[in-house]
file run_31.tsv (TSV, C-alpha atoms and all ligand atoms)
chain	number	residue	atom	x	y	z
Q	1	MET	CA	1.35	-22.25	1.66
Q	2	PRO	CA	3.91	-19.45	2.13
Q	3	GLU	CA	7.51	-20.44	1.48
Q	4	PRO	CA	10.07	-20.02	4.28
Q	5	ASN	CA	11.58	-17.18	2.24
Q	6	HIS	CA	8.30	-15.21	2.34
Q	7	LYS	CA	7.89	-15.72	6.07
Q	8	ALA	CA	11.50	-14.64	6.63
Q	9	LEU	CA	10.95	-11.47	4.57
Q	10	ALA	CA	7.73	-10.68	6.48
Q	11	HIS	CA	9.71	-11.08	9.69
Q	12	LEU	CA	12.40	-8.78	8.35
Q	13	MET	CA	9.76	-6.15	7.47
Q	14	ALA	CA	8.49	-6.33	11.05
Q	15	GLY	CA	12.00	-5.76	12.40
Q	16	VAL	CA	12.74	-2.83	10.07
Q	17	THR	CA	9.38	-1.17	10.81
Q	18	ARG	CA	10.28	-1.25	14.48
Q	19	SER	CA	13.95	-0.24	14.20
Q	20	VAL	CA	13.59	2.49	11.57
Q	21	LEU	CA	10.07	3.89	11.86
Q	22	TRP	CA	8.85	3.17	15.39
Q	23	GLU	CA	12.01	4.03	17.28
Q	24	ALA	CA	12.50	7.40	15.61
Q	25	TRP	CA	8.85	8.27	15.93
Q	26	SER	CA	8.22	7.15	19.50
Q	27	GLU	CA	11.30	9.15	20.61
Q	28	SER	CA	9.92	12.31	19.01
Q	29	THR	CA	6.39	12.08	20.51
Q	30	HIS	CA	5.73	12.28	24.21
Q	31	GLN	CA	2.04	12.06	24.94
Q	32	GLY	CA	0.56	10.05	27.80
Q	33	PRO	CA	1.88	6.67	28.86
Q	34	PRO	CA	4.04	5.24	26.09
Q	35	ALA	CA	2.30	2.59	24.01
Q	36	ARG	CA	4.11	-0.56	22.99
Q	37	LEU	CA	4.41	-2.03	19.52
Q	38	HIS	CA	4.25	-5.68	18.65
Q	39	CYS	CA	5.37	-6.12	15.05
Q	40	ARG	CA	5.26	-9.61	13.59
Q	41	ALA	CA	4.99	-11.85	10.55
Q	42	GLY	CA	1.69	-13.62	9.85
Q	43	ARG	CA	1.12	-16.80	7.88
Q	44	GLY	CA	-1.74	-15.64	5.64
Q	45	ARG	CA	-2.32	-12.66	3.37
Q	46	ALA	CA	-3.69	-10.34	6.09
Q	47	THR	CA	-1.49	-7.28	6.64
Q	48	TYR	CA	-2.73	-4.68	9.10
Q	49	HIS	CA	-2.28	-2.35	12.05
Q	50	ARG	CA	-4.50	-2.75	15.08
Q	51	PHE	CA	-4.53	-1.01	18.44
Q	52	HIS	CA	-5.38	-2.93	21.61
Q	53	PRO	CA	-6.62	-0.30	24.08
Q	54	HIS	CA	-6.65	-2.53	27.18
Q	55	SER	CA	-2.97	-3.30	26.92
Q	56	ASN	CA	-2.12	0.07	25.27
Q	57	ARG	CA	-0.41	-1.87	22.51
Q	58	HIS	CA	-0.11	-1.45	18.75
Q	59	GLU	CA	0.09	-4.54	16.61
Q	60	ILE	CA	1.38	-4.59	13.03
Q	61	VAL	CA	1.21	-7.82	11.05
Q	62	PHE	CA	2.88	-8.53	7.69
Q	63	GLY	CA	1.40	-11.59	6.01
Q	64	ALA	CA	3.77	-14.07	4.34
Q	65	LEU	CA	1.28	-14.54	1.49
Q	66	MET	CA	1.19	-10.77	0.97
Q	67	VAL	CA	4.99	-10.97	0.50
Q	68	ALA	CA	4.45	-13.84	-1.97
Q	69	ASP	CA	1.90	-11.72	-3.93
Q	70	LYS	CA	4.32	-8.81	-4.14
Q	71	GLN	CA	6.92	-11.01	-5.84
Q	72	MET	CA	4.56	-11.62	-8.79
Q	73	PRO	CA	3.39	-8.75	-11.01
Q	74	ASP	CA	0.10	-10.54	-11.85
Q	75	ARG	CA	-0.90	-10.70	-8.19
Q	76	GLY	CA	0.96	-7.66	-6.92
Q	77	GLU	CA	-1.03	-5.28	-9.12
Q	78	ASN	CA	-4.16	-6.01	-7.06
Q	79	TRP	CA	-2.77	-4.46	-3.87
Q	80	LEU	CA	-3.59	-0.90	-2.86
Q	81	SER	CA	0.06	-0.33	-1.95
Q	82	THR	CA	1.06	-1.03	-5.58
Q	83	ARG	CA	-1.40	1.58	-6.85
Q	84	GLU	CA	-0.10	4.01	-4.23
Q	85	VAL	CA	3.50	3.70	-5.43
Q	86	ARG	CA	2.41	4.35	-9.03
Q	87	ARG	CA	-0.27	6.95	-8.36
Q	88	ARG	CA	1.59	9.01	-5.77
Q	89	ALA	CA	4.89	8.61	-7.67
Q	90	TYR	CA	6.81	7.28	-4.67
Q	91	TRP	CA	10.32	6.45	-5.92
Q	92	ASN	CA	9.26	7.96	-9.26
Q	93	GLY	CA	6.35	5.53	-9.40
Q	94	GLU	CA	8.73	2.61	-9.85
Q	95	VAL	CA	7.20	-0.67	-8.73
Q	96	SER	CA	9.52	-3.52	-7.72
Q	97	THR	CA	9.30	-6.15	-5.01
Q	98	LEU	CA	11.79	-4.19	-2.90
Q	99	ASN	CA	9.87	-0.92	-3.30
Q	100	LEU	CA	6.53	-2.60	-2.57
Q	101	LEU	CA	7.75	-4.29	0.60
Q	102	ALA	CA	9.42	-1.09	1.85
Q	103	HIS	CA	6.28	0.89	1.03
Q	104	THR	CA	4.09	-1.65	2.83
Q	105	CYS	CA	6.07	-1.06	6.05
Q	106	CYS	CA	5.34	2.67	5.62
Q	107	HIS	CA	1.67	2.09	4.78
Q	108	GLU	CA	1.02	0.12	7.97
Q	109	PHE	CA	3.10	2.50	10.05
Q	110	ALA	CA	1.10	5.46	8.69
Q	111	HIS	CA	-2.03	3.69	10.03
Q	112	LEU	CA	-0.36	3.56	13.45
Q	113	GLN	CA	0.39	7.30	13.30
Q	114	GLN	CA	-3.13	7.96	12.00
Q	115	HIS	CA	-4.57	6.15	15.01
Q	116	CYS	CA	-2.37	8.17	17.38
Q	117	ILE	CA	-3.55	11.52	16.01
Q	118	GLY	CA	-7.21	10.41	16.16
Q	119	GLN	CA	-7.73	10.40	12.39
Q	120	ARG	CA	-8.58	6.75	11.87
Q	121	HIS	CA	-12.31	6.50	11.21
Q	122	TYR	CA	-14.31	3.36	10.65
Q	123	GLY	CA	-15.07	2.78	6.98
Q	124	GLN	CA	-12.72	5.50	5.74
Q	125	VAL	CA	-9.23	4.56	6.83
Q	126	HIS	CA	-7.53	5.63	3.60
Q	127	ASN	CA	-8.52	9.26	4.08
Q	128	PRO	CA	-6.63	12.53	3.39
Q	129	ALA	CA	-5.07	12.51	6.88
Q	130	PHE	CA	-3.66	9.04	6.19
Q	131	TYR	CA	-2.14	10.10	2.88
Q	132	GLN	CA	-0.61	13.17	4.48
Q	133	LEU	CA	1.21	10.89	6.94
Q	134	LEU	CA	2.23	8.45	4.22
Q	135	ASP	CA	3.53	11.27	2.01
Q	136	GLY	CA	5.46	12.53	5.04
Q	137	LEU	CA	7.20	9.18	5.53
Q	138	HIS	CA	8.36	9.32	1.91
Q	139	ALA	CA	9.29	13.02	1.90
Q	140	SER	CA	11.32	12.79	5.13
Q	141	GLY	CA	13.57	10.02	3.79
Q	142	ALA	CA	12.19	7.48	6.29
Q	143	ALA	CA	10.85	5.33	3.43
Q	144	ASP	CA	14.29	5.39	1.78
Q	145	GLU	CA	15.89	4.24	5.02
Q	146	VAL	CA	13.35	1.40	5.32
Q	147	ARG	CA	14.19	0.32	1.78
Q	148	ARG	CA	17.93	0.51	2.44
Q	149	GLN	CA	17.67	-1.56	5.61
Q	150	LEU	CA	15.41	-4.15	4.00
Q	151	GLU	CA	17.81	-4.59	1.11
Q	152	ARG	CA	20.87	-4.77	3.36
Q	153	GLN	CA	19.40	-7.20	5.88
Q	154	ALA	CA	17.88	-9.41	3.17
Q	155	ARG	CA	21.27	-9.66	1.50
Q	156	ALA	CA	22.96	-10.48	4.82
Q	157	GLN	CA	20.47	-13.33	5.34
Q	158	GLN	CA	20.73	-14.44	1.70
Q	159	LEU	CA	17.05	-13.79	1.10
Q	160	GLN	CA	15.76	-13.03	-2.37
Q	161	ILE	CA	14.34	-9.49	-2.68
Q	162	ASP	CA	14.16	-8.22	-6.25
Q	163	ALA	CA	14.81	-4.53	-7.00
Q	164	GLN	CA	14.10	-4.93	-10.73
Q	165	PRO	CA	11.23	-2.59	-11.79
Q	166	TRP	CA	8.05	-4.21	-13.06
Q	167	PRO	CA	6.69	-3.14	-16.43
Q	168	ALA	CA	3.56	-0.97	-16.31
Q	169	PRO	CA	0.41	-3.10	-16.43
Q	170	ALA	CA	-0.13	-4.09	-20.06
Q	171	ALA	CA	-3.33	-4.08	-22.07
Q	172	ARG	CA	-3.82	-7.77	-21.36
Q	173	THR	CA	-3.89	-7.00	-17.65
Q	174	LEU	CA	-6.24	-4.09	-18.23
Q	175	GLN	CA	-8.61	-6.39	-20.13
Q	176	SER	CA	-8.50	-8.90	-17.31
Q	177	LEU	CA	-9.00	-6.25	-14.62
Q	178	PHE	CA	-11.89	-4.29	-16.10
Q	179	GLN	CA	-15.03	-4.80	-18.15
Q	180	PRO	CA	-17.31	-2.27	-19.84
Q	181	GLY	CA	-19.97	-1.30	-17.30
Q	182	ASP	CA	-17.63	-1.41	-14.30
Q	183	HIS	CA	-17.99	1.51	-11.91
Q	184	VAL	CA	-14.63	3.10	-11.19
Q	185	ARG	CA	-13.00	5.86	-9.19
Q	186	PHE	CA	-10.05	7.99	-10.29
Q	187	GLY	CA	-8.28	11.20	-9.29
Q	188	GLN	CA	-7.53	12.27	-5.74
Q	189	GLY	CA	-8.94	14.38	-2.93
Q	190	LYS	CA	-11.34	16.99	-4.20
Q	191	HIS	CA	-10.57	15.90	-7.77
Q	192	LEU	CA	-11.87	12.39	-7.10
Q	193	LYS	CA	-14.27	11.36	-9.87
Q	194	THR	CA	-16.54	8.39	-10.40
Q	195	GLY	CA	-17.65	6.95	-13.70
Q	196	ARG	CA	-18.52	3.91	-15.73
Q	197	ILE	CA	-16.16	2.19	-18.16
Q	198	VAL	CA	-17.44	2.33	-21.72
Q	199	LYS	CA	-14.37	1.03	-23.56
Q	200	ILE	CA	-11.07	-0.67	-22.75
Q	201	ASN	CA	-8.16	0.57	-24.86
Q	202	ARG	CA	-4.56	-0.58	-24.98
Q	203	ARG	CA	-3.26	1.41	-22.00
Q	204	THR	CA	-6.29	3.41	-20.96
Q	205	CYS	CA	-10.00	2.99	-20.34
Q	206	THR	CA	-12.62	5.36	-21.70
Q	207	VAL	CA	-14.75	6.34	-18.75
Q	208	GLU	CA	-18.07	8.15	-18.81
Q	209	GLY	CA	-18.49	10.42	-15.82
Q	210	MET	CA	-21.23	9.95	-13.25
Q	211	GLY	CA	-22.83	12.38	-10.79
Q	212	ARG	CA	-21.53	15.96	-11.15
Q	213	ILE	CA	-19.46	14.99	-14.22
Q	214	ALA	CA	-22.25	13.01	-15.93
Q	215	GLY	CA	-21.95	12.97	-19.71
Q	216	ARG	CA	-18.23	13.82	-19.81
Q	217	ARG	CA	-15.73	11.28	-21.12
Q	218	TYR	CA	-12.19	10.67	-19.92
Q	219	ARG	CA	-9.35	8.44	-21.11
Q	220	VAL	CA	-7.80	7.23	-17.88
Q	221	PRO	CA	-4.54	5.20	-17.63
Q	222	GLY	CA	-5.21	1.75	-16.14
Q	223	PRO	CA	-3.09	2.16	-12.98
Q	224	LEU	CA	-5.09	5.25	-11.97
Q	225	LEU	CA	-8.43	3.42	-12.03
Q	226	GLU	CA	-9.95	1.78	-8.99
Q	227	LYS	CA	-12.94	-0.47	-9.38
Q	228	ILE	CA	-15.93	0.28	-7.14
Q	229	SER	CA	-18.36	-2.40	-8.27
Q	230	ARG	CA	-19.27	-4.38	-11.33
Q	231	GLN	CA	-22.55	-3.66	-13.10
C	1	ZN	ZN	-4.32	0.53	4.69
call {"tool": "encode", "arguments": {"input": "run_31.tsv", "output": "structure tokens", "more": "lines below"}}
Ligand SMILES: [Zn+2]
result
Amino acid sequence: MPEPNHKALAHLMAGVTRSVLWEAWSESTHQGPPARLHCRAGRGRATYHRFHPHSNRHEIVFGALMVADKQMPDRGENWLSTREVRRRAYWNGEVSTLNLLAHTCCHEFAHLQQHCIGQRHYGQVHNPAFYQLLDGLHASGAADEVRRQLERQARAQQLQIDAQPWPAPAARTLQSLFQPGDHVRFGQGKHLKTGRIVKINRRTCTVEGMGRIAGRRYRVPGPLLEKISRQ
């Protein structure tokens, strides 16, 4: 069950997404009849953007259990948004509850923008066009403003939102996340590589390349690895 605090933070994220990201963006784009945005808190873990064509309405949901996960390093490390903050060095790659919640607002909003420019494709939503939009939200200062507003409004409502950075995932976490034989992905864009884990070290995994890099070995830091499937 989500605690009232988590639901209240999810609600706050919905409000900040609308007041900071949506209002600036919908003022700067004038194409066709203006769509509406319904931004809300959900009770479960599900966090998503969806477009309802019949009512010309965007919907963004922030799950209260997602907020709960992002308060606990053990659970928070499993979210794509956590890997994005580390891997793309948003806020110098510093992961904290505050950074993760602010980044999650941007992540879902980038899906909205991605839909609007016709770059959201079934089965490959986290594509280069998406990351270009997400990088843009960080580079323009919009992500900073989201973080500032979240922090300010949380404090005003006496809600707990921790800005203390989490330590990088330790070896113990790496051992619990991966096993030899796991198929993994690492790198980005045209440098994306796939391989198989042969050994788990303290902070890295030794990965044997597959496909065009077959036979080559890499020592890859844990946070940069993404599991595809388990052998
Ligand atoms: Zn996404």
call {"tool": "residues_near_ligand", "arguments": {"input": "run_31.tsv", "ligand": "ligand ZN 1 (chain C)", "cutoff": "12 Å", "atoms": "only C-alpha atoms and all ligand atoms", "output": "JSON, numbers by chain"}}
result
{"Q": [46, 47, 48, 49, 50, 60, 61, 62, 79, 80, 81, 82, 83, 84, 103, 104, 105, 106, 107, 108, 109, 110, 111, 112, 113, 114, 115, 120, 121, 122, 123, 124, 125, 126, 127, 130, 131, 133, 134]}
call {"tool": "closest_residue", "arguments": {"input": "run_31.tsv", "among": "Q:Gly209, Q:Phe51, Q:Arg202, Q:Val95", "to": "Q:Gly118", "atoms": "all atoms listed in the file"}}
result
Q:Phe51
call {"tool": "closest_residue", "arguments": {"input": "run_31.tsv", "among": "Q:Arg203, Q:Arg45, Q:Arg196, Q:His58", "to": "Q:His6", "atoms": "all atoms listed in the file"}}
result
Q:Arg45
call {"tool": "atom_distance", "arguments": {"input": "run_31.tsv", "atom1": "atom CA of Q:Gln149", "atom2": "atom CA of Q:Gly42"}}
result
20.5 Å
call {"tool": "residues_around", "arguments": {"input": "run_31.tsv", "residues": "Q:Gly44", "least_positions_apart": "2", "cutoff": "8 Å", "atoms": "all atoms listed in the file", "output": "list of chain:residue names"}}
result
Q:Pro2, Q:Gly42, Q:Ala46, Q:Gly63, Q:Ala64, Q:Leu65, Q:Met66
call {"tool": "residues_near_point", "arguments": {"input": "run_31.tsv", "point": "(-12.2, 10.1, -13.3)", "cutoff": "8 Å", "atoms": "only C-alpha atoms", "output": "list of chain:residue names"}}
result
Q:Val184, Q:Arg185, Q:Phe186, Q:Gly187, Q:Leu192, Q:Lys193, Q:Thr194, Q:Gly195, Q:Val207, Q:Gly209, Q:Tyr218, Q:Val220, Q:Leu225
call {"tool": "residues_around", "arguments": {"input": "run_31.tsv", "residues": "Q:Val198", "least_positions_apart": "5", "cutoff": "8 Å", "atoms": "only C-alpha atoms", "output": "list of chain:residue names"}}
result
Q:Pro180, Q:Gly181, Q:Cys205, Q:Thr206, Q:Val207, Q:Glu208
call {"tool": "atom_distance", "arguments": {"input": "run_31.tsv", "atom1": "atom CA of Q:Thr17", "atom2": "atom CA of Q:Cys39"}}
result
7.7 Å
call {"tool": "atom_distance", "arguments": {"input": "run_31.tsv", "atom1": "atom CA of Q:Thr97", "atom2": "atom CA of Q:Ile228"}}
result
26.1 Å
call {"tool": "closest_residue", "arguments": {"input": "run_31.tsv", "among": "Q:Val20, Q:Leu37, Q:Met13, Q:Cys116", "to": "Q:Asn99", "atoms": "all atoms listed in the file"}}
result
Q:Met13
call {"tool": "closest_residue", "arguments": {"input": "run_31.tsv", "among": "Q:Ile161, Q:Thr204, Q:Gly76, Q:Gln188", "to": "Q:Gln175", "atoms": "only C-alpha atoms"}}
result
Q:Thr204
call {"tool": "closest_residue", "arguments": {"input": "run_31.tsv", "among": "Q:Leu177, Q:Leu12, Q:Glu226, Q:Lys7", "to": "Q:Ala156", "atoms": "only C-alpha atoms"}}
result
Q:Leu12
call {"tool": "build_atoms", "arguments": {"input": "run_31.tsv", "residues": "stretch 80-106 of chain Q", "atoms": "N, CA, C and O atoms", "output": "PDB file, in the coordinates of the input"}}
result
ATOM      1  N   LEU Q  80      -3.498  -2.365  -2.945  1.00  0.00           N
ATOM      2  CA  LEU Q  80      -3.590  -0.900  -2.860  1.00  0.00           C
ATOM      3  C   LEU Q  80      -2.195  -0.272  -2.809  1.00  0.00           C
ATOM      4  O   LEU Q  80      -1.941   0.748  -3.445  1.00  0.00           O
ATOM      5  N   SER Q  81      -1.281  -0.911  -2.092  1.00  0.00           N
ATOM      6  CA  SER Q  81       0.060  -0.330  -1.950  1.00  0.00           C
ATOM      7  C   SER Q  81       0.753  -0.194  -3.317  1.00  0.00           C
ATOM      8  O   SER Q  81       1.515   0.740  -3.531  1.00  0.00           O
ATOM      9  N   THR Q  82       0.469  -1.111  -4.240  1.00  0.00           N
ATOM     10  CA  THR Q  82       1.060  -1.030  -5.580  1.00  0.00           C
ATOM     11  C   THR Q  82       0.515   0.201  -6.312  1.00  0.00           C
ATOM     12  O   THR Q  82       1.266   0.961  -6.928  1.00  0.00           O
ATOM     13  N   ARG Q  83      -0.797   0.392  -6.208  1.00  0.00           N
ATOM     14  CA  ARG Q  83      -1.400   1.580  -6.850  1.00  0.00           C
ATOM     15  C   ARG Q  83      -0.855   2.856  -6.215  1.00  0.00           C
ATOM     16  O   ARG Q  83      -0.653   3.854  -6.887  1.00  0.00           O
ATOM     17  N   GLU Q  84      -0.622   2.805  -4.899  1.00  0.00           N
ATOM     18  CA  GLU Q  84      -0.100   4.010  -4.230  1.00  0.00           C
ATOM     19  C   GLU Q  84       1.275   4.389  -4.766  1.00  0.00           C
ATOM     20  O   GLU Q  84       1.535   5.569  -4.998  1.00  0.00           O
ATOM     21  N   VAL Q  85       2.151   3.397  -4.941  1.00  0.00           N
ATOM     22  CA  VAL Q  85       3.500   3.700  -5.430  1.00  0.00           C
ATOM     23  C   VAL Q  85       3.410   4.331  -6.816  1.00  0.00           C
ATOM     24  O   VAL Q  85       4.075   5.335  -7.101  1.00  0.00           O
ATOM     25  N   ARG Q  86       2.540   3.793  -7.671  1.00  0.00           N
ATOM     26  CA  ARG Q  86       2.410   4.350  -9.030  1.00  0.00           C
ATOM     27  C   ARG Q  86       1.731   5.724  -9.003  1.00  0.00           C
ATOM     28  O   ARG Q  86       2.204   6.696  -9.562  1.00  0.00           O
ATOM     29  N   ARG Q  87       0.597   5.761  -8.305  1.00  0.00           N
ATOM     30  CA  ARG Q  87      -0.270   6.950  -8.360  1.00  0.00           C
ATOM     31  C   ARG Q  87       0.344   8.145  -7.655  1.00  0.00           C
ATOM     32  O   ARG Q  87       0.216   9.272  -8.090  1.00  0.00           O
ATOM     33  N   ARG Q  88       1.020   7.906  -6.545  1.00  0.00           N
ATOM     34  CA  ARG Q  88       1.590   9.010  -5.770  1.00  0.00           C
ATOM     35  C   ARG Q  88       3.065   9.228  -6.113  1.00  0.00           C
ATOM     36  O   ARG Q  88       3.737  10.026  -5.480  1.00  0.00           O
ATOM     37  N   ALA Q  89       3.526   8.454  -7.137  1.00  0.00           N
ATOM     38  CA  ALA Q  89       4.890   8.610  -7.670  1.00  0.00           C
ATOM     39  C   ALA Q  89       5.962   8.479  -6.594  1.00  0.00           C
ATOM     40  O   ALA Q  89       6.963   9.196  -6.602  1.00  0.00           O
ATOM     41  N   TYR Q  90       5.752   7.572  -5.629  1.00  0.00           N
ATOM     42  CA  TYR Q  90       6.810   7.280  -4.670  1.00  0.00           C
ATOM     43  C   TYR Q  90       7.934   6.588  -5.442  1.00  0.00           C
ATOM     44  O   TYR Q  90       7.675   5.697  -6.256  1.00  0.00           O
ATOM     45  N   TRP Q  91       9.164   6.977  -5.185  1.00  0.00           N
ATOM     46  CA  TRP Q  91      10.320   6.450  -5.920  1.00  0.00           C
ATOM     47  C   TRP Q  91      10.054   6.543  -7.434  1.00  0.00           C
ATOM     48  O   TRP Q  91      10.207   5.556  -8.181  1.00  0.00           O
ATOM     49  N   ASN Q  92       9.600   7.688  -7.847  1.00  0.00           N
ATOM     50  CA  ASN Q  92       9.260   7.960  -9.260  1.00  0.00           C
ATOM     51  C   ASN Q  92       8.228   6.984  -9.814  1.00  0.00           C
ATOM     52  O   ASN Q  92       8.176   6.738 -11.020  1.00  0.00           O
ATOM     53  N   GLY Q  93       7.412   6.441  -8.953  1.00  0.00           N
ATOM     54  CA  GLY Q  93       6.350   5.530  -9.400  1.00  0.00           C
ATOM     55  C   GLY Q  93       6.865   4.165  -9.811  1.00  0.00           C
ATOM     56  O   GLY Q  93       6.141   3.395 -10.445  1.00  0.00           O
ATOM     57  N   GLU Q  94       8.121   3.870  -9.424  1.00  0.00           N
ATOM     58  CA  GLU Q  94       8.730   2.610  -9.850  1.00  0.00           C
ATOM     59  C   GLU Q  94       8.319   1.467  -8.917  1.00  0.00           C
ATOM     60  O   GLU Q  94       8.583   1.512  -7.718  1.00  0.00           O
ATOM     61  N   VAL Q  95       7.670   0.470  -9.510  1.00  0.00           N
ATOM     62  CA  VAL Q  95       7.200  -0.670  -8.730  1.00  0.00           C
ATOM     63  C   VAL Q  95       8.177  -1.838  -8.878  1.00  0.00           C
ATOM     64  O   VAL Q  95       8.478  -2.259  -9.989  1.00  0.00           O
ATOM     65  N   SER Q  96       8.681  -2.313  -7.753  1.00  0.00           N
ATOM     66  CA  SER Q  96       9.520  -3.520  -7.720  1.00  0.00           C
ATOM     67  C   SER Q  96       9.169  -4.214  -6.415  1.00  0.00           C
ATOM     68  O   SER Q  96       8.538  -3.604  -5.535  1.00  0.00           O
ATOM     69  N   THR Q  97       9.591  -5.454  -6.270  1.00  0.00           N
ATOM     70  CA  THR Q  97       9.300  -6.150  -5.010  1.00  0.00           C
ATOM     71  C   THR Q  97       9.903  -5.370  -3.830  1.00  0.00           C
ATOM     72  O   THR Q  97       9.223  -5.145  -2.829  1.00  0.00           O
ATOM     73  N   LEU Q  98      11.143  -4.925  -3.989  1.00  0.00           N
ATOM     74  CA  LEU Q  98      11.790  -4.190  -2.900  1.00  0.00           C
ATOM     75  C   LEU Q  98      11.007  -2.919  -2.546  1.00  0.00           C
ATOM     76  O   LEU Q  98      10.728  -2.652  -1.371  1.00  0.00           O
ATOM     77  N   ASN Q  99      10.624  -2.148  -3.572  1.00  0.00           N
ATOM     78  CA  ASN Q  99       9.870  -0.920  -3.300  1.00  0.00           C
ATOM     79  C   ASN Q  99       8.524  -1.232  -2.649  1.00  0.00           C
ATOM     80  O   ASN Q  99       8.097  -0.524  -1.738  1.00  0.00           O
ATOM     81  N   LEU Q 100       7.851  -2.277  -3.121  1.00  0.00           N
ATOM     82  CA  LEU Q 100       6.530  -2.600  -2.570  1.00  0.00           C
ATOM     83  C   LEU Q 100       6.630  -3.021  -1.102  1.00  0.00           C
ATOM     84  O   LEU Q 100       5.801  -2.611  -0.286  1.00  0.00           O
ATOM     85  N   LEU Q 101       7.636  -3.826  -0.787  1.00  0.00           N
ATOM     86  CA  LEU Q 101       7.750  -4.290   0.600  1.00  0.00           C
ATOM     87  C   LEU Q 101       8.131  -3.113   1.512  1.00  0.00           C
ATOM     88  O   LEU Q 101       7.583  -2.970   2.606  1.00  0.00           O
ATOM     89  N   ALA Q 102       9.036  -2.263   1.049  1.00  0.00           N
ATOM     90  CA  ALA Q 102       9.420  -1.090   1.850  1.00  0.00           C
ATOM     91  C   ALA Q 102       8.204  -0.171   2.023  1.00  0.00           C
ATOM     92  O   ALA Q 102       7.940   0.347   3.118  1.00  0.00           O
ATOM     93  N   HIS Q 103       7.452   0.011   0.941  1.00  0.00           N
ATOM     94  CA  HIS Q 103       6.280   0.890   1.030  1.00  0.00           C
ATOM     95  C   HIS Q 103       5.217   0.312   1.964  1.00  0.00           C
ATOM     96  O   HIS Q 103       4.536   1.051   2.677  1.00  0.00           O
ATOM     97  N   THR Q 104       5.084  -1.016   1.965  1.00  0.00           N
ATOM     98  CA  THR Q 104       4.090  -1.650   2.830  1.00  0.00           C
ATOM     99  C   THR Q 104       4.402  -1.399   4.309  1.00  0.00           C
ATOM    100  O   THR Q 104       3.490  -1.180   5.110  1.00  0.00           O
ATOM    101  N   CYS Q 105       5.683  -1.406   4.661  1.00  0.00           N
ATOM    102  CA  CYS Q 105       6.070  -1.060   6.050  1.00  0.00           C
ATOM    103  C   CYS Q 105       5.563   0.353   6.370  1.00  0.00           C
ATOM    104  O   CYS Q 105       5.006   0.598   7.439  1.00  0.00           O
ATOM    105  N   CYS Q 106       5.758   1.266   5.412  1.00  0.00           N
ATOM    106  CA  CYS Q 106       5.340   2.670   5.620  1.00  0.00           C
ATOM    107  C   CYS Q 106       3.826   2.776   5.684  1.00  0.00           C
ATOM    108  O   CYS Q 106       3.275   3.517   6.504  1.00  0.00           O
TER     109      CYS Q 106
END
